[in-house]
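What's in start_25.cif: mmCIF, C-alpha atoms, pLDDT in the B column; chains and numbers go by the auth columns
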```cif
data_data
#
loop_
_atom_site.group_PDB
_atom_site.id
_atom_site.type_symbol
_atom_site.label_atom_id
_atom_site.label_comp_id
_atom_site.label_asym_id
_atom_site.label_seq_id
_atom_site.Cartn_x
_atom_site.Cartn_y
_atom_site.Cartn_z
_atom_site.B_iso_or_equiv
_atom_site.auth_seq_id
_atom_site.auth_asym_id
ATOM 1 C CA ILE A 1 4.169 -5.753 3.941 86.00 1403 A
ATOM 2 C CA LEU A 2 5.056 -2.561 5.779 88.00 1404 A
ATOM 3 C CA ILE A 3 3.566 -1.607 9.127 88.00 1405 A
ATOM 4 C CA LEU A 4 3.488 2.159 9.547 88.00 1406 A
ATOM 5 C CA GLU A 5 2.844 4.478 12.475 86.00 1407 A
ATOM 6 C CA ALA A 6 -0.631 5.945 11.913 82.00 1408 A
ATOM 7 C CA ASP A 7 -1.690 8.291 14.699 72.00 1409 A
ATOM 8 C CA ARG A 8 1.242 10.010 16.312 72.00 1410 A
ATOM 9 C CA LYS A 9 3.807 12.636 15.406 78.00 1411 A
ATOM 10 C CA ASP A 10 5.725 9.922 13.536 83.00 1412 A
ATOM 11 C CA THR A 11 2.857 9.169 11.136 86.00 1413 A
ATOM 12 C CA GLY A 12 4.148 7.141 8.217 88.00 1414 A
ATOM 13 C CA LYS A 13 7.265 5.840 9.986 91.00 1415 A
ATOM 14 C CA SER A 14 8.010 2.196 9.232 92.00 1416 A
ATOM 15 C CA ILE A 15 7.765 0.138 12.419 89.00 1417 A
ATOM 16 C CA ALA A 16 7.940 -3.305 10.783 90.00 1418 A
ATOM 17 C CA ALA A 17 8.865 -4.504 7.328 93.00 1419 A
ATOM 18 C CA HIS A 18 8.734 -7.866 5.617 92.00 1420 A
ATOM 19 C CA THR A 19 11.973 -9.004 4.001 95.00 1421 A
ATOM 20 C CA ALA A 20 10.326 -8.954 0.562 93.00 1422 A
ATOM 21 C CA ALA A 21 9.249 -5.311 1.009 92.00 1423 A
ATOM 22 C CA ALA A 22 12.780 -4.340 1.991 96.00 1424 A
ATOM 23 C CA HIS A 23 14.266 -6.250 -0.943 96.00 1425 A
ATOM 24 C CA MET A 24 11.756 -4.701 -3.362 94.00 1426 A
ATOM 25 C CA HIS A 25 12.966 -1.257 -2.277 96.00 1427 A
ATOM 26 C CA GLY A 26 16.674 -2.166 -2.292 97.00 1428 A
ATOM 27 C CA TYR A 27 17.125 -1.932 1.488 97.00 1429 A
ATOM 28 C CA SER A 28 17.734 -4.309 4.369 97.00 1430 A
ATOM 29 C CA VAL A 29 14.917 -4.702 6.905 96.00 1431 A
ATOM 30 C CA SER A 30 16.888 -2.643 9.431 97.00 1432 A
ATOM 31 C CA GLU A 31 17.327 0.139 6.855 97.00 1433 A
ATOM 32 C CA MET A 32 13.581 0.059 6.078 96.00 1434 A
ATOM 33 C CA LEU A 33 12.866 0.688 9.757 95.00 1435 A
ATOM 34 C CA THR A 34 14.622 4.049 9.464 96.00 1436 A
ATOM 35 C CA LYS A 35 12.293 5.138 6.635 95.00 1437 A
ATOM 36 C CA ASN A 36 9.047 7.045 6.592 93.00 1438 A
ATOM 37 C CA ILE A 37 6.602 6.249 3.804 93.00 1439 A
ATOM 38 C CA ALA A 38 7.356 9.753 2.486 91.00 1440 A
ATOM 39 C CA ASP A 39 10.948 8.589 1.899 94.00 1441 A
ATOM 40 C CA LEU A 40 9.693 5.798 -0.354 95.00 1442 A
ATOM 41 C CA ASP A 41 6.834 7.474 -2.247 95.00 1443 A
ATOM 42 C CA THR A 42 7.467 9.559 -5.345 96.00 1444 A
ATOM 43 C CA PRO A 43 6.294 13.180 -5.024 95.00 1445 A
ATOM 44 C CA ASP A 44 3.097 12.403 -6.956 93.00 1446 A
ATOM 45 C CA SER A 45 2.210 9.497 -4.643 92.00 1447 A
ATOM 46 C CA ARG A 46 3.256 11.366 -1.502 91.00 1448 A
ATOM 47 C CA ILE A 47 0.477 13.927 -2.046 90.00 1449 A
ATOM 48 C CA SER A 48 -2.228 11.338 -1.246 87.00 1450 A
ATOM 49 C CA VAL A 49 -0.648 9.910 1.918 86.00 1451 A
ATOM 50 C CA PRO A 50 -2.135 12.351 4.493 86.00 1452 A
ATOM 51 C CA ASP A 51 -5.647 11.732 3.156 89.00 1453 A
ATOM 52 C CA TRP A 52 -5.064 7.980 3.167 87.00 1454 A
ATOM 53 C CA PHE A 53 -4.022 8.038 6.834 86.00 1455 A
ATOM 54 C CA ARG A 54 -7.076 10.108 7.785 87.00 1456 A
ATOM 55 C CA GLN A 55 -9.336 7.598 6.042 90.00 1457 A
ATOM 56 C CA VAL A 56 -7.609 4.592 7.586 86.00 1458 A
ATOM 57 C CA LEU A 57 -7.930 6.091 11.076 86.00 1459 A
ATOM 58 C CA LYS A 58 -11.683 6.332 10.431 88.00 1460 A
ATOM 59 C CA GLY A 59 -11.682 2.597 9.727 86.00 1461 A
ATOM 60 C CA GLU A 60 -11.904 2.932 5.955 90.00 1462 A
ATOM 61 C CA PRO A 61 -9.500 0.625 4.096 88.00 1463 A
ATOM 62 C CA ILE A 62 -7.674 2.089 1.097 88.00 1464 A
ATOM 63 C CA ARG A 63 -6.876 0.389 -2.189 89.00 1465 A
ATOM 64 C CA GLY A 64 -5.024 2.108 -4.958 88.00 1466 A
ATOM 65 C CA GLU A 65 -1.831 2.569 -6.873 91.00 1467 A
ATOM 66 C CA ALA A 66 1.362 4.405 -6.024 92.00 1468 A
ATOM 67 C CA THR A 67 4.909 4.745 -7.244 95.00 1469 A
ATOM 68 C CA HIS A 68 7.933 4.221 -5.023 95.00 1470 A
ATOM 69 C CA ILE A 69 11.608 5.019 -5.292 97.00 1471 A
ATOM 70 C CA ARG A 70 14.165 2.256 -4.776 97.00 1472 A
ATOM 71 C CA ASN A 71 17.433 2.821 -2.958 97.00 1473 A
ATOM 72 C CA ASP A 72 19.179 3.097 -6.345 98.00 1474 A
ATOM 73 C CA GLY A 73 16.786 5.883 -7.438 97.00 1475 A
ATOM 74 C CA THR A 74 14.689 3.858 -9.873 97.00 1476 A
ATOM 75 C CA VAL A 75 10.925 4.307 -9.717 97.00 1477 A
ATOM 76 C CA PHE A 76 8.486 1.393 -9.737 95.00 1478 A
ATOM 77 C CA PRO A 77 4.684 1.111 -9.650 95.00 1479 A
ATOM 78 C CA LEU A 78 2.805 -0.833 -7.029 91.00 1480 A
ATOM 79 C CA GLU A 79 -0.678 -1.617 -5.860 90.00 1481 A
ATOM 80 C CA ILE A 80 -1.411 -0.639 -2.263 89.00 1482 A
ATOM 81 C CA ASN A 81 -3.868 -1.720 0.388 88.00 1483 A
ATOM 82 C CA TYR A 82 -3.964 0.261 3.651 85.00 1484 A
ATOM 83 C CA SER A 83 -5.922 -0.967 6.663 87.00 1485 A
ATOM 84 C CA LEU A 84 -5.956 -0.089 10.340 84.00 1486 A
ATOM 85 C CA LEU A 85 -4.152 -2.467 12.663 80.00 1487 A
ATOM 86 C CA ASN A 86 -4.451 -1.951 16.423 76.00 1488 A
ATOM 87 C CA LEU A 87 -1.409 -3.088 18.372 72.00 1489 A
ATOM 88 C CA GLY A 88 -2.519 -2.731 21.978 68.00 1490 A
ATOM 89 C CA THR A 89 -3.161 0.966 22.494 62.00 1491 A
ATOM 90 C CA LYS A 90 -1.198 1.939 19.393 59.00 1492 A
ATOM 91 C CA ASN A 91 -2.888 2.543 16.035 59.00 1493 A
ATOM 92 C CA THR A 92 -0.798 1.530 13.087 59.00 1494 A
ATOM 93 C CA SER A 93 -1.533 1.044 9.448 60.00 1495 A
ATOM 94 C CA TRP A 94 -0.334 -1.872 7.458 56.00 1496 A
ATOM 95 C CA ARG A 95 0.405 -1.408 3.842 56.00 1497 A
ATOM 96 C CA LEU A 96 0.522 -4.329 1.490 51.00 1498 A
ATOM 97 C CA THR A 97 2.375 -3.575 -1.703 51.00 1499 A
ATOM 98 C CA VAL A 98 2.160 -5.713 -4.785 48.00 1500 A
ATOM 99 C CA THR A 99 4.168 -4.985 -7.924 43.00 1501 A
#
```
Would you mind writing the structure in this file as structure tokens?
Amino acid sequence: ILILEADRKDTGKSIAAHTAAAHMHGYSVSEMLTKNIADLDTPDSRISVPDWFRQVLKGEPIRGEATHIRNDGTVFPLEINYSLLNLGTKNTSWRLTVT
């Protein structure tokens, strides 16, 4: 699970990461927190991200497929589920990835 900034200038920035998500990408949790989703998505998957965030902010959950890039440069497919998560006054999006 990754929790991403959804409605500010840092849209897509990782603000929390599960150990398994970090391991899947070849990073430590602290390294994952320096990443934006754009750093992890392949160029083809990255194209859809702005639309996905707009939909999530409207309250529409997203399900689909994407490809990510591991720290070692290898590409892997994953299934994604985006939903809006309100943390106090902050809108974030959580992204569940399943390989």
I'd like the interatomic distance between atom CA of A:Leu1487 and atom CA of A:Leu1406, to a tenth of an Å.
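Those two atoms sit 9.5 Å apart.
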Have a look at atom CA of A:His1470 and atom CA of A:Leu1442 and let me know their distance in Å, one decimal.
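Computing the Euclidean distance for atom CA of A:His1470 and atom CA of A:Leu1442 yields 5.2 Å.
Across the structure, atom CA of A:Glu1481 and atom CA of A:Glu1467 are spaced 4.5 Å apart.
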Show which residues sit within 7 Å of A:His1427, as an mmCIF file with C-alpha atoms, keeping the file's coordinate frame. Count all atoms listed in the file, and ignore same-chain residues fewer than 3 positions away.
```cif
data_model
loop_
_atom_site.group_PDB
_atom_site.id
_atom_site.type_symbol
_atom_site.label_atom_id
_atom_site.label_comp_id
_atom_site.auth_asym_id
_atom_site.auth_seq_id
_atom_site.Cartn_x
_atom_site.Cartn_y
_atom_site.Cartn_z
ATOM 1 C CA ALA A 1423 9.249 -5.311 1.009
ATOM 2 C CA ALA A 1424 12.780 -4.340 1.991
ATOM 3 C CA ARG A 1472 14.165 2.256 -4.776
ATOM 4 C CA ASN A 1473 17.433 2.821 -2.958
#
```
Between A:Asn1438, A:Ser1450, A:Thr1444, A:Ser1430, which residue has the minimum interatomic distance to A:Ile1405, considering only C-alpha atoms?
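Among A:Asn1438, A:Ser1450, A:Thr1444, A:Ser1430, it is A:Asn1438 that comes nearest to A:Ile1405.
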Between A:Gly1475, A:Glu1407, A:Leu1489, A:Tyr1484, which residue has the minimum interatomic distance to A:Tyr1429, considering only C-alpha atoms?
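Checking each of A:Gly1475, A:Glu1407, A:Leu1489, A:Tyr1484 against A:Tyr1429, counting only C-alpha atoms, the winner is A:Gly1475.
Proximity to A:Ala1468 was assessed for A:Arg1448, A:His1420, A:Arg1456, A:Lys1411 counting all atoms listed in the file; the smallest distance is recorded for A:Arg1448.
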Using only C-alpha atoms, find the one residue out of A:Thr1421, A:Thr1476, A:Asn1488, A:Asn1483 that sits nearest to A:Trp1454.
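Closest candidate: A:Asn1483.
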For each of A:Ala1408, A:Ile1439, A:Ile1403, A:Val1477, take the minimum atom-to-atom distance to A:Lys1460, counting only C-alpha atoms, then give the residue where this is smallest.
A:Ala1408
